[in-house]
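K.L.:
start21.pdb (PDB, C-alpha atoms, pLDDT in the B column) pasted underneath:
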```pdb
MODEL        1
ATOM      1  CA  MET A   1      81.207 107.152  56.111  1.00 47.00           C
ATOM      2  CA  ILE A   2      78.269 107.883  53.872  1.00 49.00           C
ATOM      3  CA  PRO A   3      79.047 110.165  50.909  1.00 55.00           C
ATOM      4  CA  GLY A   4      78.621 113.759  51.987  1.00 58.00           C
ATOM      5  CA  GLY A   5      80.626 113.338  55.195  1.00 63.00           C
ATOM      6  CA  GLN A   6      77.858 112.046  57.480  1.00 69.00           C
ATOM      7  CA  PRO A   7      78.939 109.259  59.830  1.00 71.00           C
ATOM      8  CA  ASN A   8      77.285 105.878  59.550  1.00 83.00           C
ATOM      9  CA  MET A   9      75.101 105.671  62.675  1.00 85.00           C
ATOM     10  CA  GLN A  10      75.228 101.864  62.768  1.00 86.00           C
ATOM     11  CA  GLU A  11      79.036 101.948  62.832  1.00 87.00           C
ATOM     12  CA  LEU A  12      79.019 104.615  65.541  1.00 85.00           C
ATOM     13  CA  LEU A  13      76.608 102.584  67.665  1.00 87.00           C
ATOM     14  CA  GLN A  14      78.704  99.431  67.273  1.00 87.00           C
ATOM     15  CA  GLN A  15      81.862 101.352  68.172  1.00 85.00           C
ATOM     16  CA  ALA A  16      80.162 102.851  71.236  1.00 84.00           C
ATOM     17  CA  GLN A  17      78.946  99.405  72.323  1.00 88.00           C
ATOM     18  CA  ARG A  18      82.477  97.944  72.000  1.00 87.00           C
ATOM     19  CA  MET A  19      83.908 100.826  74.014  1.00 85.00           C
ATOM     20  CA  GLN A  20      81.226 100.374  76.674  1.00 87.00           C
ATOM     21  CA  GLN A  21      82.104  96.662  76.940  1.00 87.00           C
ATOM     22  CA  ASP A  22      85.824  97.516  77.159  1.00 84.00           C
ATOM     23  CA  LEU A  23      85.091 100.072  79.866  1.00 84.00           C
ATOM     24  CA  ALA A  24      83.012  97.580  81.883  1.00 85.00           C
ATOM     25  CA  ALA A  25      85.779  94.971  81.599  1.00 85.00           C
ATOM     26  CA  ALA A  26      88.405  97.495  82.731  1.00 84.00           C
ATOM     27  CA  GLN A  27      86.257  98.543  85.709  1.00 84.00           C
ATOM     28  CA  GLU A  28      85.807  94.899  86.725  1.00 87.00           C
ATOM     29  CA  GLU A  29      89.552  94.374  86.438  1.00 86.00           C
ATOM     30  CA  LEU A  30      90.147  97.410  88.673  1.00 85.00           C
ATOM     31  CA  ALA A  31      87.707  96.124  91.292  1.00 85.00           C
ATOM     32  CA  GLU A  32      89.684  92.867  91.510  1.00 89.00           C
ATOM     33  CA  ALA A  33      93.216  94.313  91.295  1.00 90.00           C
ATOM     34  CA  GLU A  34      95.013  95.155  94.526  1.00 92.00           C
ATOM     35  CA  VAL A  35      97.723  97.742  95.144  1.00 93.00           C
ATOM     36  CA  GLU A  36      99.686  98.462  98.298  1.00 96.00           C
ATOM     37  CA  GLY A  37     100.738 101.648 100.002  1.00 96.00           C
ATOM     38  CA  THR A  38     103.174 102.003 102.886  1.00 96.00           C
ATOM     39  CA  ALA A  39     104.192 104.554 105.486  1.00 97.00           C
ATOM     40  CA  GLY A  40     106.809 104.789 108.194  1.00 95.00           C
ATOM     41  CA  GLY A  41     109.355 102.825 106.209  1.00 96.00           C
ATOM     42  CA  GLY A  42     106.959  99.911 105.887  1.00 96.00           C
ATOM     43  CA  LEU A  43     105.669  99.934 109.474  1.00 96.00           C
ATOM     44  CA  VAL A  44     102.145 100.396 108.163  1.00 97.00           C
ATOM     45  CA  LYS A  45     100.890  98.788 104.937  1.00 97.00           C
ATOM     46  CA  ALA A  46      97.510  99.390 103.353  1.00 97.00           C
ATOM     47  CA  THR A  47      96.073  97.311 100.520  1.00 96.00           C
ATOM     48  CA  VAL A  48      93.319  98.777  98.359  1.00 94.00           C
ATOM     49  CA  THR A  49      91.596  97.635  95.196  1.00 90.00           C
ATOM     50  CA  GLY A  50      92.162  99.448  91.953  1.00 88.00           C
ATOM     51  CA  ALA A  51      88.782 101.042  92.610  1.00 86.00           C
ATOM     52  CA  GLY A  52      90.044 102.446  95.941  1.00 87.00           C
ATOM     53  CA  GLU A  53      88.343 100.045  98.390  1.00 91.00           C
ATOM     54  CA  LEU A  54      90.458  99.362 101.491  1.00 94.00           C
ATOM     55  CA  ARG A  55      91.000  95.591 101.728  1.00 94.00           C
ATOM     56  CA  ALA A  56      93.734  95.156 104.334  1.00 96.00           C
ATOM     57  CA  LEU A  57      95.780  97.076 106.866  1.00 96.00           C
ATOM     58  CA  VAL A  58      98.936  95.659 108.443  1.00 97.00           C
ATOM     59  CA  ILE A  59     100.561  97.425 111.378  1.00 97.00           C
ATOM     60  CA  ASP A  60     104.006  96.360 112.560  1.00 96.00           C
ATOM     61  CA  PRO A  61     104.054  96.063 116.378  1.00 96.00           C
ATOM     62  CA  LYS A  62     107.026  98.481 116.406  1.00 95.00           C
ATOM     63  CA  ALA A  63     104.637 101.207 115.233  1.00 93.00           C
ATOM     64  CA  VAL A  64     102.414 100.787 118.283  1.00 94.00           C
ATOM     65  CA  ASP A  65     103.249 103.135 121.147  1.00 94.00           C
ATOM     66  CA  PRO A  66     100.413 103.411 123.695  1.00 93.00           C
ATOM     67  CA  GLU A  67     101.740 106.840 124.655  1.00 95.00           C
ATOM     68  CA  ASP A  68     101.621 108.107 121.058  1.00 95.00           C
ATOM     69  CA  THR A  69      98.571 106.872 119.193  1.00 94.00           C
ATOM     70  CA  GLU A  70      98.527 110.073 117.120  1.00 96.00           C
ATOM     71  CA  THR A  71     101.657 109.052 115.219  1.00 95.00           C
ATOM     72  CA  LEU A  72     100.170 105.621 114.519  1.00 95.00           C
ATOM     73  CA  ALA A  73      96.986 107.238 113.220  1.00 96.00           C
ATOM     74  CA  ASP A  74      99.071 109.505 110.973  1.00 97.00           C
ATOM     75  CA  LEU A  75     100.944 106.473 109.613  1.00 96.00           C
ATOM     76  CA  VAL A  76      97.679 104.665 108.874  1.00 96.00           C
ATOM     77  CA  VAL A  77      96.280 107.697 107.050  1.00 97.00           C
ATOM     78  CA  ALA A  78      99.536 108.096 105.096  1.00 97.00           C
ATOM     79  CA  ALA A  79      99.606 104.419 104.095  1.00 97.00           C
ATOM     80  CA  VAL A  80      95.990 104.502 102.913  1.00 96.00           C
ATOM     81  CA  HIS A  81      96.657 107.731 101.024  1.00 96.00           C
ATOM     82  CA  ASN A  82      99.724 106.169  99.400  1.00 96.00           C
ATOM     83  CA  ALA A  83      97.711 103.104  98.398  1.00 95.00           C
ATOM     84  CA  ASN A  84      94.926 105.267  96.959  1.00 94.00           C
ATOM     85  CA  ASP A  85      97.498 107.175  94.899  1.00 95.00           C
ATOM     86  CA  ALA A  86      98.653 103.837  93.483  1.00 93.00           C
ATOM     87  CA  ALA A  87      95.015 102.896  92.784  1.00 92.00           C
ATOM     88  CA  GLN A  88      94.467 106.170  90.913  1.00 91.00           C
ATOM     89  CA  GLU A  89      97.550 105.515  88.802  1.00 92.00           C
ATOM     90  CA  LEU A  90      96.183 102.069  87.991  1.00 90.00           C
ATOM     91  CA  GLN A  91      92.786 103.577  87.122  1.00 88.00           C
ATOM     92  CA  GLN A  92      94.443 106.075  84.793  1.00 88.00           C
ATOM     93  CA  ALA A  93      96.418 103.320  83.105  1.00 87.00           C
ATOM     94  CA  LYS A  94      93.326 101.138  82.607  1.00 82.00           C
ATOM     95  CA  LEU A  95      90.639 103.741  81.933  1.00 83.00           C
ATOM     96  CA  GLY A  96      92.603 106.638  80.436  1.00 80.00           C
ATOM     97  CA  PRO A  97      92.926 105.175  76.951  1.00 75.00           C
ATOM     98  CA  LEU A  98      89.232 104.191  76.959  1.00 70.00           C
ATOM     99  CA  ALA A  99      88.131 107.677  78.015  1.00 66.00           C
ATOM    100  CA  GLN A 100      90.262 109.215  75.273  1.00 64.00           C
ATOM    101  CA  GLY A 101      88.658 106.902  72.727  1.00 58.00           C
ATOM    102  CA  LEU A 102      85.184 107.827  73.894  1.00 55.00           C
ATOM    103  CA  GLY A 103      86.042 111.517  73.795  1.00 55.00           C
ATOM    104  CA  GLY A 104      86.545 111.325  70.068  1.00 50.00           C
ATOM    105  CA  MET A 105      82.992 110.204  69.389  1.00 48.00           C
ATOM    106  CA  PRO A 106      80.454 112.916  68.569  1.00 50.00           C
ATOM    107  CA  GLY A 107      77.490 113.241  70.894  1.00 49.00           C
ATOM    108  CA  LEU A 108      79.058 111.501  73.901  1.00 45.00           C
ATOM    109  CA  PRO A 109      79.532 113.543  77.089  1.00 45.00           C
ATOM    110  CA  PHE A 110      83.236 112.821  77.640  1.00 42.00           C
TER
ENDMDL
END
```
Could you show the structure in this file as structure tokens?
P.N.:
Amino acid sequence: MIPGGQPNMQELLQQAQRMQQDLAAAQEELAEAEVEGTAGGGLVKATVTGAGELRALVIDPKAVDPEDTETLADLVVAAVHNANDAAQELQQAKLGPLAQGLGGMPGLPF
């Protein structure tokens, strides 16, 4: 801090650049991380990235009833939803602390 209470702009810029690099690294980590969601007691499993991209869907043959495709569709939706909830938790764990740090800097829109 410069006498008189004014922040040192060079320090603020360096801090912002470090936070931006940390944020980019966390986002890359999220894009590579995978989480799983299940439904129907494990009959349907969905795998998504930490960024929420669906990567895999596994359906146990016991879940397939040609007379009741609606239940299977509901299980798929539930599994994907469950996986996305896990991805959001992972995002919060990785990005939450960074967003809080950025929120404390004057002039940044967080």
K.L.:
For this structure, which residues satisfy the selection - the PyMOL selection byres ((chain A and resi 38-50) around 12) - when it is evaluated on the file as given? I want them as a compact mmCIF listing (two decimals) with C-alpha atoms, in the coordinates of the input.
P.N.:
```txt
# COMPACT_ATOMS: atom_id res chain seq x y z
CA ALA A 26 88.40 97.50 82.73
CA GLN A 27 86.26 98.54 85.71
CA GLU A 28 85.81 94.90 86.72
CA GLU A 29 89.55 94.37 86.44
CA LEU A 30 90.15 97.41 88.67
CA ALA A 31 87.71 96.12 91.29
CA GLU A 32 89.68 92.87 91.51
CA ALA A 33 93.22 94.31 91.30
CA GLU A 34 95.01 95.16 94.53
CA VAL A 35 97.72 97.74 95.14
CA GLU A 36 99.69 98.46 98.30
CA GLY A 37 100.74 101.65 100.00
CA ALA A 51 88.78 101.04 92.61
CA GLY A 52 90.04 102.45 95.94
CA GLU A 53 88.34 100.04 98.39
CA LEU A 54 90.46 99.36 101.49
CA ARG A 55 91.00 95.59 101.73
CA ALA A 56 93.73 95.16 104.33
CA LEU A 57 95.78 97.08 106.87
CA VAL A 58 98.94 95.66 108.44
CA ILE A 59 100.56 97.42 111.38
CA ASP A 60 104.01 96.36 112.56
CA PRO A 61 104.05 96.06 116.38
CA LYS A 62 107.03 98.48 116.41
CA ALA A 63 104.64 101.21 115.23
CA VAL A 64 102.41 100.79 118.28
CA THR A 71 101.66 109.05 115.22
CA LEU A 72 100.17 105.62 114.52
CA ALA A 73 96.99 107.24 113.22
CA ASP A 74 99.07 109.50 110.97
CA LEU A 75 100.94 106.47 109.61
CA VAL A 76 97.68 104.66 108.87
CA VAL A 77 96.28 107.70 107.05
CA ALA A 78 99.54 108.10 105.10
CA ALA A 79 99.61 104.42 104.10
CA VAL A 80 95.99 104.50 102.91
CA HIS A 81 96.66 107.73 101.02
CA ASN A 82 99.72 106.17 99.40
CA ALA A 83 97.71 103.10 98.40
CA ASN A 84 94.93 105.27 96.96
CA ASP A 85 97.50 107.18 94.90
CA ALA A 86 98.65 103.84 93.48
CA ALA A 87 95.02 102.90 92.78
CA GLN A 88 94.47 106.17 90.91
CA GLU A 89 97.55 105.52 88.80
CA LEU A 90 96.18 102.07 87.99
CA GLN A 91 92.79 103.58 87.12
CA GLN A 92 94.44 106.08 84.79
CA ALA A 93 96.42 103.32 83.10
CA LYS A 94 93.33 101.14 82.61
CA LEU A 95 90.64 103.74 81.93
```
K.L.:
How many Å separate CA of Pro7 (chain A) from CA of Gln20 (chain A)?
P.N.:
19.2 Å
K.L.:
Figure out the distance between CA of Gln10 (chain A) and CA of Ala25 (chain A), please, to one decimal in Å.
P.N.:
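Between these atoms lies a distance of 22.7 Å.
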K.L.:
Could you state the separation of CA of Gln21 (chain A) and CA of Leu98 (chain A) in Å, given to one decimal place?
P.N.:
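Rounded to one decimal, the two atoms are 10.4 Å apart.
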